[in-house]
Structures are given as structure tokens and as C-alpha cells.
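First comes the structure, then the notes that go with it.
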Amino acid sequence: MRVLPRSPSLAVGSMLLLAPLLLPPSALAPRPVPHGTLAPRARVVQLAAPTHFRSDAHEEAYWRGLFWDAAEERIETLWGAKPKRELKRVKGYIAANRAAEVESAMPKRLRKHPHYHVIGGYFPGLSTTPFHDAAAPPFDALREAAPAIRQELDALLAREQQFEDVGKPLGWRTMPIFYKGVQQASFPAAECPETMAALSTLRLAGETVAFQRQSPGTGLPRHVDPCSWVLACHLGMVCPDEGGETPYIWVAGDKYHWRDGEVMVFDPSFKHETFNPTSQDRIILNIDIFHPELTDLECDVIRETIRLKKEMFGSTQEEVHPDRA
């Protein structure tokens with residue numbers, strides 16, 4: 001099996017399931033796939049490309065089509081025996097992301113929305129609103145665990161557990177617990193049993209789970225995140241209030257002010273930005289979760305397409321996009 005390494009000049013989207021912007025094989029050296037990475041009963045995908053493309057658009061269409069043809073076959077192999085009603089949105093998911101313009105599969109109200117923009121994958125048929133209801137399950141357990149999580153965070157801060165600079169704007173730092181679905185060795189999970197137990201009650205989307213710190217007088221510029229099936233769940237940890245001045249996030253024209261112990265869920269496919277106007281650090285627990293309306297089967301399909309993409313094209317990188325910080 002031939003695998004394309006990640007491109008040095010065109011970054012592939014975070015959690016990218018549809019990224020067409022890949023260098024031609026002639027520009028890349030092949031490398032083997034580690035043993036045991038294929039899904040059960042999956043066919044090995046052989047990558048071969050024309051020696052010449054008429055245009056960049058032709059090349060993009062070729063790689064996009066090749067990936068989604070393989071994804072459709074993989075999904076049929078693993079779940080084709082499921083009832084058609086359970087696979088209806090899955091078929092729409094494949095068709096939407098195979099399209100040259102994913103926006104063509106979106107409802108008109110989203111295509112026309114000035115603050116909604118999908119730069120990664122799109123999953124049709126899900127409720128789409130800037131903020132989602134965090135008062136009901138599955139967020140009860142997280143809310144109830146907030147005091148214990150805060151105690152564990154305070155213990156980490158007391159022993160100077162480090163927040164990392166991952167290339168975001170000045171003033172934004174992260175203490176990663178999971179990244180790309182992988183638990184980070186740098187995080188002392190054994191010292192944070194209540195935090196880990198609370199996270200186990202949520203369907204993590206294979207992206208980021210981290211304590212995130214925003215320094216005084218700083219913020220993230222306006223941007224969107226890649227995939228429509230991922231929601232961002234925030235638990236306020238250290239949210240200073242200085243005479244009514246509090247850290248906030250702006251999402252599609254509305255502001256939410258973080259509060260200690262409060263859970264908030266928003267859709268990061270809507271443009272959003274943050275700011276901390278106080279003289280103290282703001283810390284939240286950020287958890288990327290699957291949209292609650294996705295079925296378990298649909299989540300498994302998304303995970304499998306991520307796995308397949310890594311098999312075919314190598315590890316993903318953060319997407320370079322003007323709408324993403």
C-alpha cells in the first residue's frame with residue numbers, strides 16, 4: 001500500500017475527512033503503514049494517480065473522489081447490513097463531502113448565514129445554532145463534578161503544571177488532556193480521577209480536551225473551526241469578575257460570559273472570538289464533543305473515515321485557512 005505523507009506546503013484539515021488539497025505523488029516519497037492499522041475486513045487502498053492533471057481543480061477532484069470512493073466502500077463493508085433508515089444521513093454525509101463545494105449540500109439558511117462557515121467536514125441533518133442547551137443530559141455529570149475538577153486543577157497549578165504554547169495568538173495557552181483523540185502523556189491523569197471520570201460521560205469527538213488559559217487583556221481573533229459535527233463544551237474554572245468586567249466569548253453576534261462551574265456548549269462552525277478584559281488569568285476546561293443528535297453508528301462512521309484517511313494519506317495537520325486562528 002502506498003501512503004502519501006502529509007504535505008509540507010498544503011496542510012490537511014484538522015480531523016480532515018474531505019481534504020482535497022494534496023501534493024501529487026511524484027512530489028512525495030512513499031512510506032509504509034504500520035502493521036495493524038486497518039479496520040476489520042477492510043480492503044487495502046492502493047493509491048495511484050495520473051501523471052498529469054489538467055488543472056489544480058482536476059487534481060483536487062481526483063484525490064477527493066478517490067478518498068470518498070474508498071470511504072464509501074469501507075462503510076458499506078462495515079455497516080452495509082444495517083437498516084437503511086440508520087444509514088440515511090451517512091449517505092448524505094458521504095455525498096456532501098465528496099462534492100467540490102460542500103456548501104452546496106447545506107440548507108440555504110446556512111449558506112446565506114454571514115457567520116457560518118464550514119472549512120472541514122459537514123454532516124447533514126443536525127440542528128445548527130450558535131449556542132446549544134447545556135442544562136440537560138449529558139452535561140449534568142460534568143456540571144456536578146465541577147467543584148472536584150476545580151480542586152484537581154488547583155493542585156496542578158500549585159505544583160506548576162505547565163500550560164503549553166501551541167502557536168495560538170499571544171496570551172492563549174493550553175494544558176492538553178487529549179489531542180486528536182490521543183491522551184497526552186504530559187497530563188497527569190492519575191492525579192485527576194474526577195476530571196477523567198467526568199470526561200468519560202461525554203462522547204469525545206477525537207479533537208481537543210484541555211484546560212485553556214487566557215491571559216489578561218488578550219483574546220483569540222475571530223475564526224471558525226473545521227467540522228460541523230463537533231461542538232465545543234466549556235466548563236468555567238477560573239473566571240474573574242472585576243466590577244462587572246468578565247472574560248467572554250462572542251459567537252455569531254452574541255456574547256457569553258464564562259462563570260465558575262457553569263457549562264456552555266456552542267457550535268464552532270459559527271465565527272467566534274474571545275477576550276479577557278480583566279487583570280487576572282481566565283481558565284476553562286474545553287471539551288470537543290460529538291453533536292448530541294448524532295447516533296452512535298454515525299459517530300463510528302466518522303471515526304472510521306478519520307482512520308481511513310490516516311491510512312491513505314498519513315497523519316493530519318492543522319488546516320491553514322484565513323477563517324481559522
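FYI, nothing fancy with the C-alpha cells labels: chains A, B, ... in order, residues from 1 per chain, ligands from 1 as they appear.
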
Apply DSSP to the structure's backbone, then extract all residues of range 106-186 of chain A labelled alpha helix (DSSP H) and return them as a list in words.
-> Lys108, Arg109, Leu110, Arg111, Asp140, Ala141, Leu142, Arg143, Glu144, Ala146, Pro147, Ala148, Ile149, Arg150, Gln151, Glu152, Leu153, Asp154, Ala155, Leu156, Leu157 and Ala158 of chain A

Can you write just those residues out, C-alpha atoms, as a tab-separated table (two decimals), in the first residue's frame?
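File result.tsv, as written:
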chain	number	residue	atom	x	y	z
A	108	LYS	CA	-29.96	27.78	2.24
A	109	ARG	CA	-30.18	29.47	5.64
A	110	LEU	CA	-26.69	28.22	6.47
A	111	ARG	CA	-25.23	29.02	3.03
A	140	ASP	CA	-25.29	17.10	34.24
A	141	ALA	CA	-22.40	14.91	35.34
A	142	LEU	CA	-19.84	17.47	34.17
A	143	ARG	CA	-21.63	20.28	36.00
A	144	GLU	CA	-21.88	18.24	39.20
A	146	ALA	CA	-17.09	21.00	38.59
A	147	PRO	CA	-16.01	21.56	42.24
A	148	ALA	CA	-13.91	18.37	42.23
A	149	ILE	CA	-12.38	19.23	38.84
A	150	ARG	CA	-11.50	22.68	40.17
A	151	GLN	CA	-9.75	21.11	43.18
A	152	GLU	CA	-7.69	18.91	40.87
A	153	LEU	CA	-6.83	21.88	38.66
A	154	ASP	CA	-5.78	23.93	41.73
A	155	ALA	CA	-3.46	21.08	42.77
A	156	LEU	CA	-1.89	21.04	39.30
A	157	LEU	CA	-1.42	24.80	39.37
A	158	ALA	CA	0.11	24.62	42.86

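A straight line drawn from CA of Pro114 in chain A to CA of Thr218 in chain A is 25.1 Å long.
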
What are the nearest atom pairs, with distances in Å to one decimal, for all residues of range 153-252 of chain A that come at most 9 Å from range 263-280 of chain A, using only C-alpha atoms, set out by chain and rising residue number as JSON lines?
{"residue": "A:Gln214", "atom": "CA", "partner": "A:Asn276", "partner_atom": "CA", "distance": 6.7}
{"residue": "A:Ser215", "atom": "CA", "partner": "A:Gln280", "partner_atom": "CA", "distance": 6.8}
{"residue": "A:Pro216", "atom": "CA", "partner": "A:Ser279", "partner_atom": "CA", "distance": 4.9}
{"residue": "A:Gly217", "atom": "CA", "partner": "A:Pro277", "partner_atom": "CA", "distance": 5.0}
{"residue": "A:Thr218", "atom": "CA", "partner": "A:Asn276", "partner_atom": "CA", "distance": 5.7}
{"residue": "A:Gly219", "atom": "CA", "partner": "A:Phe275", "partner_atom": "CA", "distance": 4.0}
{"residue": "A:Leu220", "atom": "CA", "partner": "A:Thr274", "partner_atom": "CA", "distance": 5.1}
{"residue": "A:Pro221", "atom": "CA", "partner": "A:Glu273", "partner_atom": "CA", "distance": 5.2}
{"residue": "A:Arg222", "atom": "CA", "partner": "A:Glu273", "partner_atom": "CA", "distance": 4.4}
{"residue": "A:His223", "atom": "CA", "partner": "A:Lys271", "partner_atom": "CA", "distance": 5.2}
{"residue": "A:Val224", "atom": "CA", "partner": "A:Lys271", "partner_atom": "CA", "distance": 4.9}
{"residue": "A:Asp225", "atom": "CA", "partner": "A:Pro268", "partner_atom": "CA", "distance": 5.4}
{"residue": "A:Pro226", "atom": "CA", "partner": "A:Ser269", "partner_atom": "CA", "distance": 6.7}
{"residue": "A:Cys227", "atom": "CA", "partner": "A:Ser269", "partner_atom": "CA", "distance": 6.8}
{"residue": "A:Ser228", "atom": "CA", "partner": "A:Ser269", "partner_atom": "CA", "distance": 6.0}
{"residue": "A:Trp229", "atom": "CA", "partner": "A:Asp267", "partner_atom": "CA", "distance": 8.7}
{"residue": "A:Val230", "atom": "CA", "partner": "A:Asp267", "partner_atom": "CA", "distance": 7.2}
{"residue": "A:Leu231", "atom": "CA", "partner": "A:Asp267", "partner_atom": "CA", "distance": 4.9}
{"residue": "A:Ala232", "atom": "CA", "partner": "A:Phe266", "partner_atom": "CA", "distance": 5.5}
{"residue": "A:Cys233", "atom": "CA", "partner": "A:Val265", "partner_atom": "CA", "distance": 4.4}
{"residue": "A:His234", "atom": "CA", "partner": "A:Met264", "partner_atom": "CA", "distance": 5.1}
{"residue": "A:Leu235", "atom": "CA", "partner": "A:Val263", "partner_atom": "CA", "distance": 4.6}
{"residue": "A:Gly236", "atom": "CA", "partner": "A:Val263", "partner_atom": "CA", "distance": 6.7}
{"residue": "A:Cys239", "atom": "CA", "partner": "A:Gln280", "partner_atom": "CA", "distance": 8.6}
{"residue": "A:Pro240", "atom": "CA", "partner": "A:Gln280", "partner_atom": "CA", "distance": 6.6}
{"residue": "A:Asp241", "atom": "CA", "partner": "A:Thr278", "partner_atom": "CA", "distance": 7.4}
{"residue": "A:Glu242", "atom": "CA", "partner": "A:Thr278", "partner_atom": "CA", "distance": 6.4}
{"residue": "A:Glu245", "atom": "CA", "partner": "A:Thr278", "partner_atom": "CA", "distance": 6.4}
{"residue": "A:Thr246", "atom": "CA", "partner": "A:Thr278", "partner_atom": "CA", "distance": 6.4}
{"residue": "A:Pro247", "atom": "CA", "partner": "A:Asn276", "partner_atom": "CA", "distance": 4.2}
{"residue": "A:Tyr248", "atom": "CA", "partner": "A:Phe275", "partner_atom": "CA", "distance": 5.7}
{"residue": "A:Ile249", "atom": "CA", "partner": "A:Thr274", "partner_atom": "CA", "distance": 4.3}
{"residue": "A:Trp250", "atom": "CA", "partner": "A:Glu273", "partner_atom": "CA", "distance": 5.3}
{"residue": "A:Val251", "atom": "CA", "partner": "A:His272", "partner_atom": "CA", "distance": 4.4}
{"residue": "A:Ala252", "atom": "CA", "partner": "A:Lys271", "partner_atom": "CA", "distance": 5.6}

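Of the residues under consideration (A:Gln212, A:Thr201, A:Thr295, A:Thr77), A:Thr295 shows the shortest atom-to-atom contact distance to Phe123 in chain A when counting only C-alpha atoms.
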
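Taking only C-alpha atoms, the non-local environment of Ala61 in chain A within 10 Å (same-chain residues fewer than 3 positions away omitted) comprises Pro20, Leu21, Ser55, Asp56, Ala57, His58, Arg64, Gly65, Leu66, Phe67, Arg98, Ala99 and Ala100 of chain A.
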
Export, as an mmCIF file, in the first residue's frame, the selected residues with C-alpha atoms.
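File result_28.cif, as written:
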data_model
loop_
_atom_site.group_PDB
_atom_site.id
_atom_site.type_symbol
_atom_site.label_atom_id
_atom_site.label_comp_id
_atom_site.auth_asym_id
_atom_site.auth_seq_id
_atom_site.Cartn_x
_atom_site.Cartn_y
_atom_site.Cartn_z
ATOM 1 C CA PRO A 20 -8.651 17.528 -1.390
ATOM 2 C CA LEU A 21 -5.581 19.760 -1.320
ATOM 3 C CA SER A 55 -5.586 21.872 -13.507
ATOM 4 C CA ASP A 56 -5.411 22.212 -9.742
ATOM 5 C CA ALA A 57 -9.178 21.730 -9.633
ATOM 6 C CA HIS A 58 -8.826 18.480 -11.570
ATOM 7 C CA ARG A 64 -11.262 13.893 -3.123
ATOM 8 C CA GLY A 65 -13.087 11.346 -5.263
ATOM 9 C CA LEU A 66 -10.511 8.643 -4.589
ATOM 10 C CA PHE A 67 -10.815 9.096 -0.835
ATOM 11 C CA ARG A 98 -17.476 14.281 -1.924
ATOM 12 C CA ALA A 99 -18.893 17.420 -3.571
ATOM 13 C CA ALA A 100 -16.491 20.043 -4.901
#
